[in-house]
Amino acid sequence: MRGLAVVIALVAVTAAAAGIYVGSVSKSFTDNVHREKLLPSYPSESASPDKEAEGSDGSKPRSNGKTAALNYVFMGSDSRDGKDAGAGRSDSLMVMHLAADRKDAYLISFPRDMYVDIPGYGKNKINAAYSFGGPQLAVATLEDLLHSRMDHVAIIDFDGFIRLTEDLGGVTVVNEHASKSRGYTFPAGKITIKGDEALAFVRERYELPNGDLDRAERQRLVVKAILEKGLSPETISNPAKFTAFVSGVAKHLVVDEGLTDNEIRRTAVSLRLNANDLHLLQAPISGFGTVNGASIDVVDRTRMAELAKALRDDTMDEYLERYPGS
């Protein structure tokens with residue numbers, strides 16, 4: 001595990017605190033966050049609103065000027081200080097779609113072995129894009145795959161982020177598959193984890209029946225658990241605890257230059273969602289294969305086209321209704 005949807009958690013909890021002590025919360029974020037150039041200089045052709053490129057289903061791509069929906073890209077970094085977006089490698093990749101009415105958010109995991117077209121490099125595993133061209137190429141790869149513009153990017157140093165589970169007193173998740181890892185035992189059912197134990201939980205894949213896919217599911221569960229704990233009345237009603245949580249997130253976070261304080265504040269005050277409105281999905285695959293002896297996840301092209309259209313049309317609720325449990 002490396003990639004976490006940190007910005008949506010931060011935006012949501014900031015919104016929840018609006019009118020209470022938003023000034024100190026905002027300052028705790030501003031004083032700790034790092035900003036770098038993370039988006040491509042030019043959108044990929046298939047995602048460019050100027051090109052009006054069509055998806056495989058003939059629909060038009062979403063552009064920033066035509067809808068209030070937002071797409072965030074979340075990547076993990078193996079860089080241990082969390083401040084150098086070009087260091088290390090990306091071990092997981094997520095897209096968070098925030099609906100135009102701000103009532104729902106959809107967190108979509110892209111398995112690292114998903115075999116896709118990487119602009120300028122041909123077919124490869126999706127996590128290779130980061131190695132080849134940093135966050136800019138990883139974003140371009142997603143834009144080509146989804147025929148949609150990605151609005152913002154956040155990169156998190158996972159080791160730093162996972163320590164937030166200690167500050168929150170642990171987080172609770174429902175574990176589907178019992179496993180053991182790094183000296184810890186994780187029984188099936190409801191478990192509470194924090195610190196190194198939580199890190200072991202989200203990194204394990206070899207003991208899980210579906211390997212990296214189950215690991216991605218654990219990632220999503222922990223993301224949601226952290227969000228729920230950060231949004232809990234216990235945390236929000238405690239100014240010191242809540243402000244420490246926000247600053248803890250920010251100091252291990254790198255965001256794109258366009259994700260300014262004003263942009264975060266504007267998005268935060270528009271939100272109409274809570275932790276239960278964050279829906280967890282996996283990008284569709286049709287099965288597994290090998291290329292040159294390496295295991296790959298094969299893209300389900302039909303469902304991927306449907307997912308892409310749902311992102312462009314802001315109809316993710318309809319997609320999730322067609323494919324519950326995605």
# chains A, B, ... in the order shown; residues from 1 in each chain; ligands from 1
>>> residues_around(residues="A:Leu199", least_positions_apart="5", cutoff="9 Å", atoms="only C-alpha atoms", output="list in words")
Met1, Phe158, Asp159, Ile162, Arg163, Ile193, Lys194 and Glu204 of chain A
>>> write_last_selection(atoms="C-alpha atoms", output="PDB file, in the first residue's frame")
ATOM      1  CA  MET A   1       0.000   0.000   0.000  1.00  0.00           C
ATOM      2  CA  PHE A 158       2.432   6.405   3.239  1.00  0.00           C
ATOM      3  CA  ASP A 159       4.668   5.693   6.197  1.00  0.00           C
ATOM      4  CA  ILE A 162      -0.190   5.685   8.549  1.00  0.00           C
ATOM      5  CA  ARG A 163       1.043   7.258  11.788  1.00  0.00           C
ATOM      6  CA  ILE A 193      -5.484  -1.365  13.831  1.00  0.00           C
ATOM      7  CA  LYS A 194      -2.933   1.411  14.123  1.00  0.00           C
ATOM      8  CA  GLU A 204      -0.024  -7.771   2.744  1.00  0.00           C
TER       9      GLU A 204
END
>>> residues_around(residues="A:Lys125", least_positions_apart="2", cutoff="6 Å", atoms="only C-alpha atoms", output="JSON, numbers by chain")
{"A": [113, 114, 115, 127, 128]}
>>> atom_distance(atom1="atom CA of A:Ile296", atom2="atom CA of A:Asp212")
10.7 Å
>>> atom_distance(atom1="atom CA of A:Leu280", atom2="atom CA of A:Val171")
17.1 Å
>>> select_by_dssp(residues="stretch 58-200 of chain A", states="alpha helix (DSSP H)", output="PyMOL selection string")
chain A and resi 128-146+158-162+164-167+195-200
>>> write_last_selection(atoms="C-alpha atoms", output="PDB file, in the first residue's frame")
ATOM      1  CA  ALA A 128       5.284   1.826 -14.686  1.00  0.00           C
ATOM      2  CA  ALA A 129       4.037   5.231 -15.848  1.00  0.00           C
ATOM      3  CA  TYR A 130       5.301   6.846 -12.656  1.00  0.00           C
ATOM      4  CA  SER A 131       8.707   5.234 -13.066  1.00  0.00           C
ATOM      5  CA  PHE A 132       8.947   6.359 -16.705  1.00  0.00           C
ATOM      6  CA  GLY A 133       7.759   9.934 -16.328  1.00  0.00           C
ATOM      7  CA  GLY A 134       6.763  10.761 -12.787  1.00  0.00           C
ATOM      8  CA  PRO A 135       3.325  11.949 -11.697  1.00  0.00           C
ATOM      9  CA  GLN A 136       2.765  13.867 -14.937  1.00  0.00           C
ATOM     10  CA  LEU A 137       2.943  10.696 -17.041  1.00  0.00           C
ATOM     11  CA  ALA A 138       0.851   8.751 -14.526  1.00  0.00           C
ATOM     12  CA  VAL A 139      -1.873  11.392 -14.842  1.00  0.00           C
ATOM     13  CA  ALA A 140      -1.611  11.412 -18.643  1.00  0.00           C
ATOM     14  CA  THR A 141      -1.982   7.631 -18.645  1.00  0.00           C
ATOM     15  CA  LEU A 142      -5.186   7.880 -16.605  1.00  0.00           C
ATOM     16  CA  GLU A 143      -6.520  10.626 -18.861  1.00  0.00           C
ATOM     17  CA  ASP A 144      -5.934   8.496 -21.935  1.00  0.00           C
ATOM     18  CA  LEU A 145      -7.504   5.453 -20.306  1.00  0.00           C
ATOM     19  CA  LEU A 146     -10.581   7.334 -19.078  1.00  0.00           C
ATOM     20  CA  PHE A 158       2.432   6.405   3.239  1.00  0.00           C
ATOM     21  CA  ASP A 159       4.668   5.693   6.197  1.00  0.00           C
ATOM     22  CA  GLY A 160       4.017   9.202   7.465  1.00  0.00           C
ATOM     23  CA  PHE A 161       0.319   9.002   6.786  1.00  0.00           C
ATOM     24  CA  ILE A 162      -0.190   5.685   8.549  1.00  0.00           C
ATOM     25  CA  LEU A 164      -2.198   9.217  11.821  1.00  0.00           C
ATOM     26  CA  THR A 165      -3.929   6.009  12.880  1.00  0.00           C
ATOM     27  CA  GLU A 166      -1.956   6.263  16.112  1.00  0.00           C
ATOM     28  CA  ASP A 167      -2.989   9.888  16.632  1.00  0.00           C
ATOM     29  CA  GLY A 195       0.676   2.261  13.407  1.00  0.00           C
ATOM     30  CA  ASP A 196       2.949  -0.565  12.269  1.00  0.00           C
ATOM     31  CA  GLU A 197       0.077  -3.002  12.585  1.00  0.00           C
ATOM     32  CA  ALA A 198      -2.036  -0.959  10.156  1.00  0.00           C
ATOM     33  CA  LEU A 199       0.929  -0.704   7.812  1.00  0.00           C
ATOM     34  CA  ALA A 200       1.324  -4.493   7.806  1.00  0.00           C
TER      35      ALA A 200
END
>>> closest_atom_pairs(of="stretch 260-298 of chain A", to="stretch 314-326 of chain A", cutoff="12 Å", atoms="only C-alpha atoms", output="CSV")
residue,atom,partner,partner_atom,distance
A:Asp277,CA,A:Asp317,CA,11.0
A:Leu278,CA,A:Asp317,CA,11.5
A:His279,CA,A:Leu320,CA,8.8
A:Leu280,CA,A:Ser326,CA,7.8
A:Leu281,CA,A:Ser326,CA,5.1
A:Gln282,CA,A:Ser326,CA,5.8
A:Ala283,CA,A:Ser326,CA,7.8
A:Pro284,CA,A:Ser326,CA,7.6
A:Ile285,CA,A:Ser326,CA,10.3
>>> decode(residues="stretch 165-183 of chain A", atoms="N, CA and C atoms", output="PDB file, in the first residue's frame")
ATOM      1  N   THR A 165      -3.071   6.982  12.196  1.00  0.00           N
ATOM      2  CA  THR A 165      -3.929   6.009  12.880  1.00  0.00           C
ATOM      3  C   THR A 165      -3.591   5.948  14.368  1.00  0.00           C
ATOM      4  N   GLU A 166      -2.338   6.210  14.701  1.00  0.00           N
ATOM      5  CA  GLU A 166      -1.956   6.263  16.112  1.00  0.00           C
ATOM      6  C   GLU A 166      -2.535   7.501  16.774  1.00  0.00           C
ATOM      7  N   ASP A 167      -2.442   8.652  16.083  1.00  0.00           N
ATOM      8  CA  ASP A 167      -2.989   9.888  16.632  1.00  0.00           C
ATOM      9  C   ASP A 167      -4.490   9.782  16.845  1.00  0.00           C
ATOM     10  N   LEU A 168      -5.160   9.001  15.987  1.00  0.00           N
ATOM     11  CA  LEU A 168      -6.611   8.833  16.086  1.00  0.00           C
ATOM     12  C   LEU A 168      -7.002   7.727  17.050  1.00  0.00           C
ATOM     13  N   GLY A 169      -6.019   7.071  17.643  1.00  0.00           N
ATOM     14  CA  GLY A 169      -6.327   5.989  18.575  1.00  0.00           C
ATOM     15  C   GLY A 169      -6.710   4.700  17.901  1.00  0.00           C
ATOM     16  N   GLY A 170      -6.292   4.531  16.636  1.00  0.00           N
ATOM     17  CA  GLY A 170      -6.625   3.332  15.875  1.00  0.00           C
ATOM     18  C   GLY A 170      -7.864   3.542  15.027  1.00  0.00           C
ATOM     19  N   VAL A 171      -7.991   2.732  13.972  1.00  0.00           N
ATOM     20  CA  VAL A 171      -9.178   2.768  13.123  1.00  0.00           C
ATOM     21  C   VAL A 171      -9.731   1.356  13.007  1.00  0.00           C
ATOM     22  N   THR A 172     -11.033   1.261  12.809  1.00  0.00           N
ATOM     23  CA  THR A 172     -11.707  -0.036  12.764  1.00  0.00           C
ATOM     24  C   THR A 172     -12.172  -0.350  11.344  1.00  0.00           C
ATOM     25  N   VAL A 173     -11.871  -1.563  10.894  1.00  0.00           N
ATOM     26  CA  VAL A 173     -12.287  -2.028   9.575  1.00  0.00           C
ATOM     27  C   VAL A 173     -12.843  -3.440   9.712  1.00  0.00           C
ATOM     28  N   VAL A 174     -13.602  -3.858   8.700  1.00  0.00           N
ATOM     29  CA  VAL A 174     -14.076  -5.236   8.631  1.00  0.00           C
ATOM     30  C   VAL A 174     -13.164  -5.995   7.681  1.00  0.00           C
ATOM     31  N   ASN A 175     -12.407  -6.939   8.216  1.00  0.00           N
ATOM     32  CA  ASN A 175     -11.424  -7.698   7.449  1.00  0.00           C
ATOM     33  C   ASN A 175     -12.073  -8.945   6.847  1.00  0.00           C
ATOM     34  N   GLU A 176     -12.062  -9.037   5.528  1.00  0.00           N
ATOM     35  CA  GLU A 176     -12.728 -10.157   4.864  1.00  0.00           C
ATOM     36  C   GLU A 176     -11.919 -11.443   4.927  1.00  0.00           C
ATOM     37  N   HIS A 177     -10.580 -11.316   4.832  1.00  0.00           N
ATOM     38  CA  HIS A 177      -9.731 -12.508   4.761  1.00  0.00           C
ATOM     39  C   HIS A 177      -8.713 -12.513   5.907  1.00  0.00           C
ATOM     40  N   ALA A 178      -8.749 -13.551   6.718  1.00  0.00           N
ATOM     41  CA  ALA A 178      -7.764 -13.678   7.792  1.00  0.00           C
ATOM     42  C   ALA A 178      -6.363 -13.805   7.197  1.00  0.00           C
ATOM     43  N   SER A 179      -5.384 -13.208   7.860  1.00  0.00           N
ATOM     44  CA  SER A 179      -4.009 -13.290   7.371  1.00  0.00           C
ATOM     45  C   SER A 179      -3.040 -12.981   8.506  1.00  0.00           C
ATOM     46  N   LYS A 180      -1.766 -13.283   8.257  1.00  0.00           N
ATOM     47  CA  LYS A 180      -0.685 -12.933   9.162  1.00  0.00           C
ATOM     48  C   LYS A 180       0.384 -12.204   8.362  1.00  0.00           C
ATOM     49  N   SER A 181       0.980 -11.198   8.970  1.00  0.00           N
ATOM     50  CA  SER A 181       1.997 -10.422   8.259  1.00  0.00           C
ATOM     51  C   SER A 181       2.854  -9.659   9.247  1.00  0.00           C
ATOM     52  N   ARG A 182       4.157  -9.725   9.051  1.00  0.00           N
ATOM     53  CA  ARG A 182       5.115  -8.940   9.834  1.00  0.00           C
ATOM     54  C   ARG A 182       4.913  -9.102  11.342  1.00  0.00           C
ATOM     55  N   GLY A 183       4.564 -10.317  11.758  1.00  0.00           N
ATOM     56  CA  GLY A 183       4.392 -10.602  13.169  1.00  0.00           C
ATOM     57  C   GLY A 183       3.019 -10.290  13.728  1.00  0.00           C
TER      58      GLY A 183
END
